[in-house]
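This report concerns only the one structure given below.
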Amino acid sequence: MVVEWVTVGLLLAGTFFMLVASIGVVRMPDVYLRMSCTSKAATLGGMCLLTAYALQHVSDAGLAVRAIATAVFLMLTAPVAAHMIGRAAYRLGVPLWVGSCCDDLKGAYSADGNTLRSQPAVAVAERHGQP
Amino acid sequence: MIQTVALWVVLPVLSVAVLLSVVRLAIGPSLPDRVVALDLITTIGVGIVAGAALAWEQPPLLDVGTVLALVSFLATVAFARYIERGIRSWSSNG
């Protein structure tokens with residue numbers, strides 16, 4: 001009985017997070033903010049739904065382990081995919097939202113884009129307006 | 001009760017979520033916007049498959065979800081490589 005309620009709660013939570021992710025991807029002002037919706041909220045939603053499936057079939061180890069493995073795979077690959085597409089978008093020159101406070105990557109890539117130069121912490125702190 | 005929730009709450013709401021993502025896929029001003037929307041659609045697809053497997057008691061559907069997650073990751077990585085390679089060839093030509 002408790003397991004059933006937990007399963008229903010996980011189902012509703014996963015559905016809610018996925019709906020929030022899709023609303024965010026429509027409403028957010030630039031590609032980097034949209035990516036933060038898809039890589040966090042949607043992944044959490046998928047993990048909730050798959051965990052609910054595993055809980056429902058907890059007596060059948062084969063099904064439960066497959067569902068958990070898929071959830072873990074989602075959790076491992078979402079940050080990698082978001083990082084790669086974000087890097088490609090930045091190098092393509094997709095503009096930041098006008099309300100963004102600062103661009104710490106500006107000038108950090110070499111001309112051919114293959115090396116990333118780190119910047120002194122003092123310069124970054126100055127750009128953020130801190131002492 | 002779980003089947004009722006999966007059939008009447010999870011699947012309809014996730015369908016609405018897919019429709020919202022398709023809006024971004026259609027209007028998204030840049031190519032990375034569309035790739036992000038496509039990635040979101042396949043992630044929601046994994047959720048839909050899990051919900052359908054619960055609603056209709058069809059365990060084999062779970063394998064579809066696993067393959068969808070794999071293909072989604074590979075597609076996003078391939079699109080990112082494609083976009084970056086395009087940048088490099090443009091800069092070497094010009």
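Following the order of the structure tokens, first chain is A, next is B, and so on, with residues numbered from 1 inside each chain and ligands from 1 in the order they appear.
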**OP:** Would you give me, as JSON, numbers by chain, the residues of chain A that come within 9 Å of chain B, using only C-alpha atoms?
**Re:** {"A": [4, 5, 7, 8, 11, 12, 14, 15, 16, 18, 19, 20, 21, 22, 23, 25, 26, 30, 31, 32, 34, 35, 38, 39, 42, 43, 45, 46, 47, 48, 49, 50, 52, 53, 56, 63, 66, 67, 69, 70, 71, 73, 74, 77, 78, 80, 81, 82, 84, 85, 86, 87, 88, 89, 91, 92, 94, 112, 113]}
Residues from last step as file, C-alpha atoms, as a CSV table (one decimal), in the first residue's frame:
```csv
chain,number,residue,atom,x,y,z
A,4,GLU,CA,1.7,2.1,-4.2
A,5,TRP,CA,1.4,5.6,-2.9
A,7,THR,CA,4.9,5.0,-6.9
A,8,VAL,CA,2.0,7.3,-7.7
A,11,LEU,CA,4.8,9.3,-11.4
A,12,LEU,CA,3.2,12.7,-10.6
A,14,GLY,CA,8.2,13.0,-12.9
A,15,THR,CA,5.3,14.2,-15.0
A,16,PHE,CA,5.4,17.6,-13.3
A,18,MET,CA,8.9,17.1,-17.5
A,19,LEU,CA,6.1,19.6,-18.0
A,20,VAL,CA,8.1,22.3,-16.3
A,21,ALA,CA,11.1,21.5,-18.6
A,22,SER,CA,9.0,21.8,-21.7
A,23,ILE,CA,7.4,25.1,-20.5
A,25,VAL,CA,12.2,25.4,-23.2
A,26,VAL,CA,9.5,27.5,-24.7
A,30,ASP,CA,18.3,32.2,-24.9
A,31,VAL,CA,19.7,28.8,-25.7
A,32,TYR,CA,21.9,28.5,-22.6
A,34,ARG,CA,16.9,26.6,-22.3
A,35,MET,CA,19.6,24.0,-21.9
A,38,THR,CA,16.3,20.2,-20.5
A,39,SER,CA,19.5,18.9,-18.8
A,42,ALA,CA,13.8,16.7,-17.8
A,43,THR,CA,16.5,14.3,-16.6
A,45,GLY,CA,11.6,13.7,-14.5
A,46,GLY,CA,12.7,10.8,-16.5
A,47,MET,CA,14.5,9.3,-13.5
A,48,CYS,CA,11.4,9.7,-11.4
A,49,LEU,CA,9.2,7.9,-14.0
A,50,LEU,CA,11.7,5.0,-14.4
A,52,ALA,CA,8.4,4.4,-10.4
A,53,TYR,CA,8.4,1.6,-12.9
A,56,GLN,CA,6.0,-1.2,-9.3
A,63,LEU,CA,12.6,-5.5,-15.0
A,66,ARG,CA,16.7,-2.6,-16.5
A,67,ALA,CA,14.6,0.4,-15.4
A,69,ALA,CA,20.0,1.1,-15.5
A,70,THR,CA,18.1,3.3,-17.9
A,71,ALA,CA,17.7,5.9,-15.2
A,73,PHE,CA,22.3,6.1,-18.1
A,74,LEU,CA,20.1,9.2,-18.4
A,77,THR,CA,24.7,11.2,-20.4
A,78,ALA,CA,22.6,14.4,-19.9
A,80,VAL,CA,27.8,15.4,-21.3
A,81,ALA,CA,25.3,16.1,-24.1
A,82,ALA,CA,24.4,19.5,-22.6
A,84,MET,CA,28.8,19.5,-25.9
A,85,ILE,CA,25.8,21.3,-27.4
A,86,GLY,CA,26.5,24.3,-25.2
A,87,ARG,CA,30.1,24.5,-26.3
A,88,ALA,CA,29.0,24.2,-29.9
A,89,ALA,CA,26.4,26.9,-29.5
A,91,ARG,CA,31.5,28.7,-30.6
A,92,LEU,CA,28.8,29.2,-33.2
A,94,VAL,CA,24.7,32.2,-30.4
A,112,ASP,CA,41.0,28.1,-34.0
A,113,GLY,CA,38.8,27.3,-31.0
```
**OP:** Could you tell me, as a ChimeraX atom specification, which residues of chain B DSSP assigns to alpha helix (DSSP H) when given the backbone?
**Re:** /B:2-5,11-27,31-55,61-93
Original post:
Do you have the atom CA of A:His57-atom CA of B:Val64 distance handy?
Top reply: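 Calculated distance between atom CA of A:His57 and atom CA of B:Val64 is 17.0 Å.
The space separating atom CA of A:Cys102 from atom CA of A:Ala125 comes to 10.9 Å.
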Original post:
How far is it from atom CA of A:Gly93 to atom CA of A:Cys37, in Å with one decimal?
Top reply: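 Distance reported for this atom pair: 20.6 Å.
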Subject >> Spatial neighbours of A:Ala108, 9 Å, only C-alpha atoms, chain gap at least 6 places, as number ranges by chain >> reply: A: 115-119
Original post:
Which residue out of A:Gly107, A:Thr51, A:Val98, A:Lys40 has the minimum interatomic distance to A:Leu76 when only C-alpha atoms are used?
Top reply: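 Residue with the minimum atom-to-atom distance to A:Leu76: A:Lys40.
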